[in-house]
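To be precise, the following lines are data37.txt, and they hold compact mmCIF, C-alpha atoms.
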```
# COMPACT_ATOMS: atom_id res chain seq x y z
CA MET A 7 -82.95 116.35 36.52
CA ASN A 8 -80.37 113.66 37.06
CA PRO A 9 -78.52 114.43 40.34
CA VAL A 10 -75.23 113.48 38.72
CA GLN A 11 -73.98 115.12 35.56
CA ALA A 12 -70.58 114.43 34.00
CA THR A 13 -68.85 116.69 31.52
CA ASP A 14 -65.17 116.48 30.56
CA GLY A 15 -64.37 114.39 33.61
CA VAL A 16 -66.05 116.80 36.02
CA VAL A 17 -68.89 115.32 38.05
CA SER A 18 -71.52 117.66 39.45
CA LEU A 19 -74.02 116.89 42.17
CA GLY A 20 -76.97 118.82 40.88
CA ALA A 21 -80.21 120.24 42.22
CA ALA A 22 -82.04 116.94 42.42
CA THR A 23 -79.59 115.66 45.00
CA GLY A 24 -80.11 118.73 47.15
CA GLU A 25 -83.89 118.50 46.75
CA SER A 26 -83.83 114.85 47.76
CA LEU A 27 -81.79 115.54 50.88
CA ALA A 28 -83.92 118.51 51.86
CA GLY A 29 -87.13 116.53 51.44
CA ASP A 30 -85.83 113.47 53.22
CA ALA A 31 -84.72 115.58 56.19
CA ALA A 32 -88.18 117.04 56.75
CA ALA A 33 -87.92 116.33 60.47
CA GLY A 34 -85.10 118.83 60.63
CA GLY A 35 -82.25 118.33 58.24
CA SER A 36 -79.87 119.96 55.85
CA SER A 37 -79.45 120.07 52.10
CA ILE A 38 -76.63 120.43 49.65
CA ALA A 39 -76.83 124.16 49.18
CA SER A 40 -74.71 124.40 46.07
CA ILE A 41 -73.42 122.30 43.20
CA HIS A 42 -70.17 120.51 44.04
CA LYS A 43 -67.63 119.60 41.35
CA PHE A 44 -64.83 117.10 41.69
CA ARG A 45 -62.02 115.80 39.49
CA LEU A 46 -61.39 112.41 41.14
CA PRO A 47 -60.75 109.28 39.08
CA GLU A 48 -63.26 107.02 40.81
CA VAL A 49 -66.25 109.37 40.88
CA ARG A 50 -67.90 108.10 37.70
CA GLN A 51 -67.58 104.49 38.84
CA THR A 52 -68.91 105.34 42.31
CA PHE A 53 -72.19 106.57 40.88
CA ARG A 54 -72.35 103.94 38.13
CA SER A 55 -71.96 101.19 40.76
CA ARG A 56 -75.13 102.33 42.46
CA LEU A 57 -76.97 100.50 39.69
CA ILE A 58 -75.03 97.23 39.93
CA GLU A 59 -76.49 94.37 41.95
CA PRO A 60 -74.05 93.66 44.81
CA VAL A 61 -72.44 90.28 45.25
CA GLY A 62 -72.26 88.93 48.77
CA PRO A 63 -73.16 90.57 52.06
CA VAL A 64 -73.50 94.29 52.74
CA PRO A 65 -70.73 95.36 55.16
CA PHE A 66 -71.32 97.91 57.88
CA ASN A 67 -68.46 100.05 56.62
CA ARG A 68 -66.22 100.23 53.58
CA ILE A 69 -63.34 102.67 53.25
CA PHE A 70 -63.64 105.21 50.43
CA LEU A 71 -60.40 105.84 48.55
CA THR A 72 -60.02 108.94 46.40
CA GLY A 73 -57.37 107.40 44.14
CA GLU A 74 -54.76 109.96 45.23
CA GLU A 75 -53.56 108.24 48.40
CA ARG A 76 -50.83 106.15 46.76
CA SER A 77 -49.21 109.07 44.93
CA SER A 78 -49.35 111.17 48.08
CA LEU A 79 -47.65 108.40 50.07
CA ASN A 80 -45.02 107.99 47.36
CA ALA A 81 -44.30 111.71 47.48
CA ALA A 82 -43.95 111.63 51.26
CA SER A 83 -41.58 108.66 51.14
CA GLY A 84 -39.28 110.66 48.87
CA ASP A 85 -39.04 113.60 51.25
CA ASP A 86 -36.17 114.02 53.66
CA ASN A 87 -38.63 114.30 56.55
CA VAL A 88 -41.03 111.40 57.17
CA ALA A 89 -41.26 112.08 60.90
CA THR A 90 -43.51 115.06 61.73
CA ASP A 91 -44.32 118.62 60.71
CA GLY A 92 -43.44 118.21 57.05
CA ARG A 93 -45.16 119.14 53.80
CA ALA A 94 -48.08 116.74 54.20
CA THR A 95 -48.82 117.99 57.71
CA THR A 96 -48.71 121.58 56.45
CA ARG A 97 -51.16 120.76 53.64
CA CYS A 98 -53.57 119.10 56.08
CA ILE A 99 -53.47 122.01 58.49
CA GLU A 100 -53.87 124.59 55.74
CA PHE A 101 -56.89 122.71 54.39
CA LEU A 102 -58.53 122.44 57.81
CA LYS A 103 -57.99 126.14 58.44
CA SER A 104 -59.25 127.30 55.06
CA ARG A 105 -62.10 124.81 54.61
CA LEU A 106 -63.39 124.69 58.19
CA GLY A 107 -62.32 128.10 59.45
CA LEU A 108 -60.10 126.75 62.20
CA ARG A 109 -57.70 129.29 63.73
CA HIS A 110 -55.13 126.85 65.14
CA VAL A 111 -54.99 123.08 64.71
CA LEU A 112 -52.49 120.38 65.68
CA LEU A 113 -52.55 116.96 64.00
CA THR A 114 -52.34 114.12 66.53
CA PRO A 115 -51.80 110.34 66.38
CA SER A 116 -55.42 109.81 67.47
CA CYS A 117 -58.53 111.63 68.62
CA THR A 118 -58.09 109.95 72.00
CA LEU A 119 -54.75 111.73 72.46
CA ALA A 120 -56.27 115.02 71.32
CA LEU A 121 -58.96 114.63 73.98
CA GLU A 122 -56.38 113.75 76.60
CA ALA A 123 -54.58 117.02 75.91
CA MET A 124 -57.66 119.07 76.81
CA PRO A 125 -57.59 118.78 80.62
CA ARG A 126 -53.81 119.24 80.67
CA VAL A 127 -54.06 122.46 78.68
CA LEU A 128 -57.03 123.72 80.72
CA GLY A 129 -55.45 122.84 84.06
CA ILE A 130 -58.18 120.38 85.04
CA GLY A 131 -57.10 117.80 87.60
CA PRO A 132 -57.87 115.99 90.85
CA GLY A 133 -61.01 117.17 92.61
CA ASP A 134 -62.48 118.71 89.45
CA GLU A 135 -65.58 117.57 87.57
CA VAL A 136 -66.38 117.64 83.85
CA ILE A 137 -69.93 117.29 82.51
CA MET A 138 -70.45 115.07 79.46
CA PRO A 139 -73.07 112.72 78.01
CA SER A 140 -73.02 109.09 79.05
CA PHE A 141 -73.86 108.12 75.47
CA THR A 142 -70.34 108.38 74.06
CA PHE A 143 -67.16 106.37 73.64
CA CYS A 144 -64.96 105.79 76.67
CA SER A 145 -62.19 108.03 75.29
CA THR A 146 -64.31 111.06 76.19
CA ALA A 147 -64.36 110.11 79.85
CA ASN A 148 -60.86 108.61 79.97
CA ALA A 149 -59.35 111.91 78.84
CA PHE A 150 -60.47 113.66 82.01
CA LEU A 151 -60.28 110.64 84.30
CA LEU A 152 -56.59 110.19 83.48
CA ALA A 153 -56.01 113.79 84.56
CA GLY A 154 -57.57 113.00 87.93
CA ALA A 155 -60.95 114.64 87.29
CA THR A 156 -64.38 113.07 87.69
CA PRO A 157 -66.63 112.69 84.63
CA VAL A 158 -70.25 113.63 85.41
CA PHE A 159 -72.79 112.06 83.07
CA VAL A 160 -75.98 113.70 81.82
CA ASP A 161 -78.73 112.51 79.50
CA VAL A 162 -79.13 113.13 75.76
CA ARG A 163 -81.99 114.36 73.57
CA ILE A 164 -84.29 111.76 72.05
CA ASP A 165 -84.13 113.32 68.57
CA THR A 166 -80.38 113.81 68.10
CA LEU A 167 -78.88 111.68 70.90
CA THR A 168 -76.67 114.64 71.79
CA MET A 169 -76.36 116.35 75.17
CA ASP A 170 -79.70 117.67 76.45
CA GLU A 171 -79.30 121.44 76.77
CA ASN A 172 -82.15 121.61 79.28
CA ILE A 173 -80.43 119.61 82.01
CA VAL A 174 -76.80 120.69 81.79
CA GLU A 175 -77.00 123.54 84.26
CA ALA A 176 -78.57 121.37 86.97
CA ALA A 177 -75.48 119.14 86.88
CA ILE A 178 -73.05 121.99 87.65
CA THR A 179 -71.44 122.11 91.10
CA PRO A 180 -68.63 124.27 92.54
CA ARG A 181 -66.25 121.51 91.36
CA THR A 182 -67.34 121.71 87.71
CA LYS A 183 -64.46 122.91 85.53
CA ALA A 184 -65.72 122.17 81.99
CA ILE A 185 -68.61 120.99 79.84
CA CYS A 186 -67.65 118.52 77.12
CA VAL A 187 -70.23 118.21 74.34
CA VAL A 188 -70.21 115.21 71.99
CA HIS A 189 -71.43 115.60 68.41
CA TYR A 190 -73.11 112.25 67.91
CA ALA A 191 -73.40 111.10 64.28
CA GLY A 192 -72.09 114.46 63.07
CA VAL A 193 -74.95 116.43 64.63
CA SER A 194 -74.55 118.93 67.47
CA SER A 195 -76.60 120.00 70.43
CA ASP A 196 -77.82 123.60 70.56
CA LEU A 197 -74.35 124.91 71.27
CA ASP A 198 -75.41 128.51 71.86
CA ARG A 199 -77.48 127.42 74.83
CA ILE A 200 -74.76 125.22 76.29
CA ALA A 201 -72.12 127.91 75.73
CA ALA A 202 -74.36 130.39 77.53
CA VAL A 203 -74.57 128.04 80.53
CA ALA A 204 -70.80 127.64 80.52
CA ALA A 205 -70.29 131.41 80.34
CA ARG A 206 -72.65 132.06 83.25
CA HIS A 207 -70.58 129.76 85.42
CA GLY A 208 -67.20 130.86 84.11
CA ILE A 209 -66.21 127.43 82.79
CA PRO A 210 -65.08 126.38 79.30
CA MET A 211 -67.08 124.35 76.81
CA VAL A 212 -65.01 121.87 74.79
CA GLU A 213 -66.04 119.66 71.89
CA ASP A 214 -65.58 115.96 71.29
CA ALA A 215 -66.05 116.27 67.53
CA ALA A 216 -64.67 112.82 66.73
CA GLN A 217 -67.71 112.15 64.54
CA GLY A 218 -68.13 115.77 63.42
CA VAL A 219 -65.43 116.51 60.83
CA GLY A 220 -67.05 118.57 58.09
CA ALA A 221 -70.33 119.12 59.95
CA SER A 222 -71.44 122.48 61.28
CA TYR A 223 -73.62 124.38 63.73
CA LYS A 224 -75.14 127.58 62.32
CA ASP A 225 -72.45 127.72 59.62
CA ARG A 226 -69.62 127.24 62.14
CA ALA A 227 -67.60 124.04 61.83
CA LEU A 228 -68.00 121.59 64.68
CA GLY A 229 -64.75 121.56 66.60
CA SER A 230 -64.23 125.30 66.08
CA ILE A 231 -66.79 126.58 68.60
CA GLY A 232 -65.68 125.56 72.09
CA GLU A 233 -62.39 126.49 73.75
CA MET A 234 -60.95 123.38 72.10
CA GLY A 235 -62.21 120.59 69.84
CA ALA A 236 -61.00 117.11 68.92
CA TYR A 237 -61.37 115.31 65.57
CA SER A 238 -60.97 111.66 64.63
CA PHE A 239 -59.63 110.26 61.36
CA HIS A 240 -59.97 106.66 62.51
CA HIS A 241 -60.68 103.96 59.94
CA THR A 242 -64.38 104.02 60.89
CA LYS A 243 -64.88 107.75 60.31
CA ASN A 244 -65.85 109.71 57.18
CA ILE A 245 -62.33 111.06 56.56
CA VAL A 246 -59.71 108.45 57.39
CA SER A 247 -55.99 108.01 57.86
CA GLY A 248 -56.17 104.56 59.47
CA GLU A 249 -55.65 106.16 62.87
CA GLY A 250 -55.24 109.84 63.56
CA GLY A 251 -56.82 112.94 65.01
CA ALA A 252 -56.56 116.68 65.45
CA LEU A 253 -56.71 119.16 68.32
CA CYS A 254 -58.41 122.45 67.48
CA ILE A 255 -57.38 125.36 69.71
CA ASN A 256 -59.98 128.09 69.41
CA ASN A 257 -58.88 130.28 72.32
CA PRO A 258 -55.55 131.95 71.47
CA ALA A 259 -54.65 132.11 75.16
CA LEU A 260 -54.27 128.31 75.06
CA ASP A 261 -51.91 128.14 72.08
CA ASP A 262 -48.61 127.92 73.90
CA SER A 263 -49.87 125.50 76.54
CA ALA A 264 -51.31 123.21 73.86
CA CYS A 265 -48.13 123.28 71.80
CA ASN A 266 -45.92 122.73 74.85
CA TYR A 267 -47.97 119.70 75.85
CA ARG A 268 -47.88 118.37 72.30
CA ASP A 269 -44.08 118.79 72.17
CA LYS A 270 -43.36 116.63 75.24
CA GLY A 271 -43.73 119.54 77.62
CA THR A 272 -41.06 121.68 75.97
CA ASN A 273 -41.26 125.28 74.75
CA ARG A 274 -40.15 124.19 71.27
CA ARG A 275 -42.74 126.44 69.61
CA GLN A 276 -41.26 129.55 71.17
CA PHE A 277 -37.80 128.40 70.09
CA PHE A 278 -38.83 128.11 66.44
CA ARG A 279 -40.39 131.57 66.64
CA GLY A 280 -37.01 132.92 67.74
CA GLU A 281 -38.25 133.98 71.16
CA ILE A 282 -35.71 131.86 73.09
CA ASP A 283 -32.18 130.62 72.34
CA LYS A 284 -32.92 126.97 73.12
CA TYR A 285 -35.94 125.06 74.23
CA THR A 286 -36.32 123.12 77.44
CA TRP A 287 -38.80 121.19 79.58
CA VAL A 288 -41.36 123.63 80.98
CA SER A 289 -44.53 121.59 81.68
CA PRO A 290 -45.97 118.09 81.71
CA GLY A 291 -46.35 116.87 78.15
CA SER A 292 -46.59 114.05 75.67
CA SER A 293 -45.68 113.25 72.06
CA LEU A 294 -48.74 114.25 70.07
CA ALA A 295 -47.45 114.93 66.55
CA MET A 296 -48.84 112.96 63.60
CA SER A 297 -46.38 111.10 61.39
CA GLU A 298 -45.81 112.55 57.92
CA VAL A 299 -46.71 109.17 56.42
CA VAL A 300 -50.14 109.27 58.08
CA ALA A 301 -50.59 112.93 57.11
CA ALA A 302 -49.80 112.08 53.49
CA PHE A 303 -52.68 109.62 53.41
CA LEU A 304 -54.93 112.04 55.27
CA VAL A 305 -54.43 115.01 52.95
CA SER A 306 -55.91 113.09 50.00
CA GLN A 307 -58.95 112.28 52.08
CA LEU A 308 -59.39 115.81 53.38
CA GLU A 309 -59.27 117.29 49.90
CA ALA A 310 -62.20 115.00 48.95
CA MET A 311 -64.27 116.09 51.98
CA ASP A 312 -67.05 117.71 49.96
CA LEU A 313 -67.39 114.70 47.70
CA ILE A 314 -67.43 112.24 50.61
CA THR A 315 -70.03 114.30 52.48
CA ALA A 316 -72.22 114.60 49.38
CA LEU A 317 -72.10 110.87 48.67
CA ARG A 318 -72.93 110.01 52.27
CA GLY A 319 -75.70 112.61 52.28
CA ALA A 320 -77.29 111.11 49.18
CA ALA A 321 -77.19 107.65 50.79
CA TYR A 322 -78.60 109.07 54.04
CA GLY A 323 -81.49 110.63 52.11
CA TYR A 324 -82.17 107.38 50.26
CA TYR A 325 -82.50 105.50 53.56
CA ARG A 326 -84.92 108.13 54.86
CA LYS A 327 -87.05 107.87 51.75
CA GLY A 328 -87.06 104.08 51.84
CA LEU A 329 -87.89 103.76 55.55
CA ARG A 330 -90.23 106.71 56.18
CA GLY A 331 -93.26 104.49 55.60
CA LEU A 332 -92.27 102.30 58.55
CA GLU A 333 -91.86 105.41 60.69
CA ARG A 334 -95.34 106.61 59.74
CA ARG A 335 -96.68 103.24 60.93
CA GLY A 336 -94.93 103.73 64.28
CA LEU A 337 -92.60 100.77 63.79
CA LEU A 338 -89.34 102.70 64.08
CA THR A 339 -87.97 106.23 64.51
CA LEU A 340 -85.63 107.82 61.99
CA PRO A 341 -82.78 110.19 62.92
CA VAL A 342 -83.31 113.95 63.04
CA ILE A 343 -81.06 116.79 61.91
CA PRO A 344 -82.21 120.08 63.53
CA ASP A 345 -82.55 123.24 61.47
CA TYR A 346 -79.47 124.74 63.14
CA ALA A 347 -77.24 121.85 62.04
CA ARG A 348 -75.61 120.67 58.85
CA SER A 349 -74.59 117.05 59.22
CA ASN A 350 -71.68 115.15 57.72
CA TYR A 351 -73.93 112.06 57.67
CA HIS A 352 -71.60 109.93 59.74
CA ILE A 353 -74.27 107.53 61.02
CA PHE A 354 -77.72 106.45 59.94
CA HIS A 355 -79.52 104.91 62.90
CA ILE A 356 -83.04 103.80 63.67
CA LEU A 357 -84.68 103.46 67.07
CA LEU A 358 -86.94 100.49 67.69
CA GLU A 359 -89.72 100.20 70.25
CA SER A 360 -87.90 97.69 72.45
CA GLN A 361 -84.61 95.89 72.92
CA ASP A 362 -86.28 92.64 71.91
CA THR A 363 -87.36 94.13 68.58
CA ARG A 364 -83.89 95.59 68.03
CA ASP A 365 -82.18 92.29 68.76
CA ARG A 366 -84.53 90.30 66.54
CA LEU A 367 -84.10 92.77 63.68
CA LEU A 368 -80.33 92.66 64.13
CA ALA A 369 -80.38 88.85 63.88
CA PHE A 370 -82.73 88.97 60.88
CA LEU A 371 -80.50 91.41 59.01
CA LYS A 372 -77.50 89.20 59.70
CA SER A 373 -79.36 86.25 58.20
CA CYS A 374 -80.01 88.39 55.12
CA GLY A 375 -76.35 89.23 54.71
CA VAL A 376 -76.63 92.76 56.10
CA GLN A 377 -74.14 93.82 58.75
CA ALA A 378 -75.90 96.25 61.09
CA THR A 379 -74.85 97.01 64.65
CA SER A 380 -75.88 98.66 67.90
CA HIS A 381 -73.69 101.30 69.52
CA PHE A 382 -72.39 102.48 72.90
CA VAL A 383 -72.81 100.77 76.22
CA PRO A 384 -73.68 103.86 78.32
CA LEU A 385 -70.64 104.93 80.30
CA HIS A 386 -72.61 105.43 83.52
CA SER A 387 -73.46 101.71 83.49
CA ALA A 388 -69.95 100.48 82.62
CA PRO A 389 -67.73 99.19 85.45
CA MET A 390 -65.45 102.24 85.34
CA GLY A 391 -68.41 104.59 85.17
CA VAL A 392 -69.97 103.04 88.23
CA SER A 393 -66.77 103.09 90.28
CA HIS A 394 -65.04 106.29 89.17
CA CYS A 395 -67.66 108.69 87.79
CA ARG A 396 -70.86 110.44 88.84
CA THR A 397 -74.27 110.45 87.22
CA ALA A 398 -76.41 113.58 87.42
CA GLY A 399 -80.00 112.39 87.69
CA LEU A 400 -81.76 109.75 85.65
CA LEU A 401 -80.70 108.99 82.08
CA PRO A 402 -83.78 107.40 80.47
CA VAL A 403 -83.07 108.46 76.88
CA THR A 404 -79.50 107.19 77.06
CA GLU A 405 -80.66 103.85 78.37
CA HIS A 406 -83.42 103.59 75.77
CA ALA A 407 -81.03 104.39 72.92
CA ALA A 408 -78.49 101.84 74.11
CA LYS A 409 -81.15 99.12 74.14
CA CYS A 410 -83.18 100.07 71.06
CA MET A 411 -80.80 101.66 68.53
CA LEU A 412 -79.65 99.98 65.35
CA ARG A 413 -77.09 101.49 62.96
CA LEU A 414 -77.43 100.62 59.28
CA PRO A 415 -74.54 100.35 56.79
CA LEU A 416 -73.55 103.81 55.57
CA PHE A 417 -70.40 104.75 53.66
CA ALA A 418 -69.57 107.02 50.75
CA ASN A 419 -69.34 104.26 48.13
CA ILE A 420 -72.34 102.22 49.20
CA THR A 421 -74.23 101.18 46.08
CA ARG A 422 -77.90 101.87 45.51
CA SER A 423 -78.48 98.13 45.19
CA GLU A 424 -76.80 97.55 48.56
CA GLN A 425 -79.09 100.13 50.13
CA ASP A 426 -82.11 98.53 48.46
CA LYS A 427 -81.08 95.21 50.00
CA VAL A 428 -80.88 96.81 53.45
CA ILE A 429 -84.22 98.62 53.08
CA GLU A 430 -86.04 95.56 51.76
CA ALA A 431 -84.66 93.43 54.59
CA VAL A 432 -85.92 95.91 57.20
CA ARG A 433 -89.32 96.03 55.52
CA ALA A 434 -89.45 92.23 55.27
CA PHE A 435 -88.80 91.92 59.00
CA PHE A 436 -91.83 94.00 59.87
CA GLN A 437 -94.01 92.37 57.21
CA GLY A 438 -93.13 88.91 58.52
```
Output the file's structure as structure tokens, nothing else.
Amino acid sequence: MNPVQATDGVVSLGAATGESLAGDAAAGGSSIASIHKFRLPEVRQTFRSRLIEPVGPVPFNRIFLTGEERSSLNAASGDDNVATDGRATTRCIEFLKSRLGLRHVLLTPSCTLALEAMPRVLGIGPGDEVIMPSFTFCSTANAFLLAGATPVFVDVRIDTLTMDENIVEAAITPRTKAICVVHYAGVSSDLDRIAAVAARHGIPMVEDAAQGVGASYKDRALGSIGEMGAYSFHHTKNIVSGEGGALCINNPALDDSACNYRDKGTNRRQFFRGEIDKYTWVSPGSSLAMSEVVAAFLVSQLEAMDLITALRGAAYGYYRKGLRGLERRGLLTLPVIPDYARSNYHIFHILLESQDTRDRLLAFLKSCGVQATSHFVPLHSAPMGVSHCRTAGLLPVTEHAAKCMLRLPLFANITRSEQDKVIEAVRAFFQG
């Protein structure tokens, strides 16, 4: 059966797509469990273009537009309110709540600012420690460092490159005030085990879900499981608004503190609920509301979440199928999605046997017109990590991943011919 069927302008991702994804994720993956239907103007062309030979190089990323962004922006520009908390913001929040099961969410100008709100809301400050992986972006650590706390770095798992559940508890000290998990590539750690550790020690677990929008752990959306979660809608993510983020508040006891911090430290939320006659400055705070203009762009992207995830999943599966032969020969390692996880297919990475092999393959792909890239410099080895943070034990997997990982081009509208070019270039490198 053809995985794509079109009738009366409705495009369905059929059983073959799900079968392909399930088979290609044999090491522990997820499948498209049901048929998805979309009425977006560019869907037919997206699939048709998979058969067109690309012209020029293959970029690492290409933004996917739904075709609704311009009209949504035009509508927002005609509203009286283009500042914050208008109709577009309401639509975004309602979608996130209904689609992802979030109980309370605040749109923010960036994921970095959403992360920075976490220690302020939780009361984490000088003298406190927060456990997190070293294999993450600096915003994760900066959020707590700026509050005066000390990031404590632990290693990641070799299969998912997410926090290793087996070593978290050993890193806890009397100064530990939170565990911050990072959902690398849209895949989580075993969150039940980490949450159990946090509960035993009476500390919160929070989620850096910058890469995890639309992904899940045991049917629960990433970002909705810890005390709080943070999303990114940066230009490089699956769902984009240029720049933007969201703070998910999953513990109702934190609602007022989060809203006060977001509203410059004022009790504006209580004022609008009619609980006080006028609002005033009650706590430290910042300006964390997303502009209506940004929200107007974002809502069109959010409403195409299922389509974007399905397209990326199909491309992810195609890479696995095309490169599994090299993995069987021991030349590289493909990514793994555990049984407990459903990915949003944010990244497709391969691990090579050595840094030399990675660097030579990177240069070879560049010569072939394929833009691949490595990823994080481990935070424990960065100048700020060395001088201001603490490392709990050795981090061999983190260091290996930093030296040997290569990320391949992956985006919703990547063509099949572009993927073939990438796959053939990787194969050619090892055959040469």
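For the point (-46.6, 113.2, 65.7), the residues with at least one atom inside 7 Å, counting only C-alpha atoms, are Thr90, Thr114, Pro115, Ser293, Leu294, Ala295, Met296 and Ser297 of chain A.
Using only C-alpha atoms, the nearest neighbour of Arg76 in chain A within the list A:Phe101, A:Phe436, A:Tyr237, A:Phe303 is A:Phe303.
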Can you list, as a PDB file with C-alpha atoms, keeping the file's coordinate frame, every protein, DNA or RNA residue that comes within 12 Å of Phe370 in chain A when you count all atoms listed in the file, leaving out same-chain residues fewer than 5 positions away?
```
ATOM      1  CA  THR A 363     -87.360  94.130  68.580  1.00  0.00           C
ATOM      2  CA  ARG A 364     -83.890  95.590  68.030  1.00  0.00           C
ATOM      3  CA  ASP A 365     -82.180  92.290  68.760  1.00  0.00           C
ATOM      4  CA  GLY A 375     -76.350  89.230  54.710  1.00  0.00           C
ATOM      5  CA  VAL A 376     -76.630  92.760  56.100  1.00  0.00           C
ATOM      6  CA  GLN A 377     -74.140  93.820  58.750  1.00  0.00           C
ATOM      7  CA  ALA A 378     -75.900  96.250  61.090  1.00  0.00           C
ATOM      8  CA  THR A 379     -74.850  97.010  64.650  1.00  0.00           C
ATOM      9  CA  VAL A 428     -80.880  96.810  53.450  1.00  0.00           C
ATOM     10  CA  GLU A 430     -86.040  95.560  51.760  1.00  0.00           C
ATOM     11  CA  ALA A 431     -84.660  93.430  54.590  1.00  0.00           C
ATOM     12  CA  VAL A 432     -85.920  95.910  57.200  1.00  0.00           C
ATOM     13  CA  ARG A 433     -89.320  96.030  55.520  1.00  0.00           C
ATOM     14  CA  ALA A 434     -89.450  92.230  55.270  1.00  0.00           C
ATOM     15  CA  PHE A 435     -88.800  91.920  59.000  1.00  0.00           C
ATOM     16  CA  PHE A 436     -91.830  94.000  59.870  1.00  0.00           C
ATOM     17  CA  GLY A 438     -93.130  88.910  58.520  1.00  0.00           C
TER      18      GLY A 438
END
```
Spatial neighbours of Ile130 in chain A, 7 Å, all atoms listed in the file, chain gap at least 2 places, as a PyMOL selection string = chain A and resi 125-126+128+134+153+155+183
request  = Please measure the separation of CA of Ile429 in chain A and CA of Arg334 in chain A, giving the value in Å to one decimal.
outcome  =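 Distance between the two atoms: 15.2 Å.
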Padding 5 Å on each side, edges along x, y and z: where is the centre of the box around the listed atoms of range 284-300 of chain A, and how long are its edges in Å to one decimal? Output it as lines of an AutoDock Vina configuration file.
```
center_x = -41.5
center_y = 118.1
center_z = 69.1
size_x = 27.2
size_y = 27.8
size_z = 35.3
```
request  = Measuring atom to atom with only C-alpha atoms, identify which of A:Ala82, A:Ile173, A:Val136, A:Leu401 is nearest to Pro157 in chain A.
outcome  =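 Going through A:Ala82, A:Ile173, A:Val136, A:Leu401 one by one, the smallest distance to Pro157 in chain A is for A:Val136.
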query = Leaving out Leu400 in chain A and any residue of its chain fewer than 5 positions from it, which residues lie within 10 Å of it when counting only C-alpha atoms, given as a list in words?
reply =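 Contacts, in chain order: Phe159, Val160, Asp161 and Glu405 of chain A.
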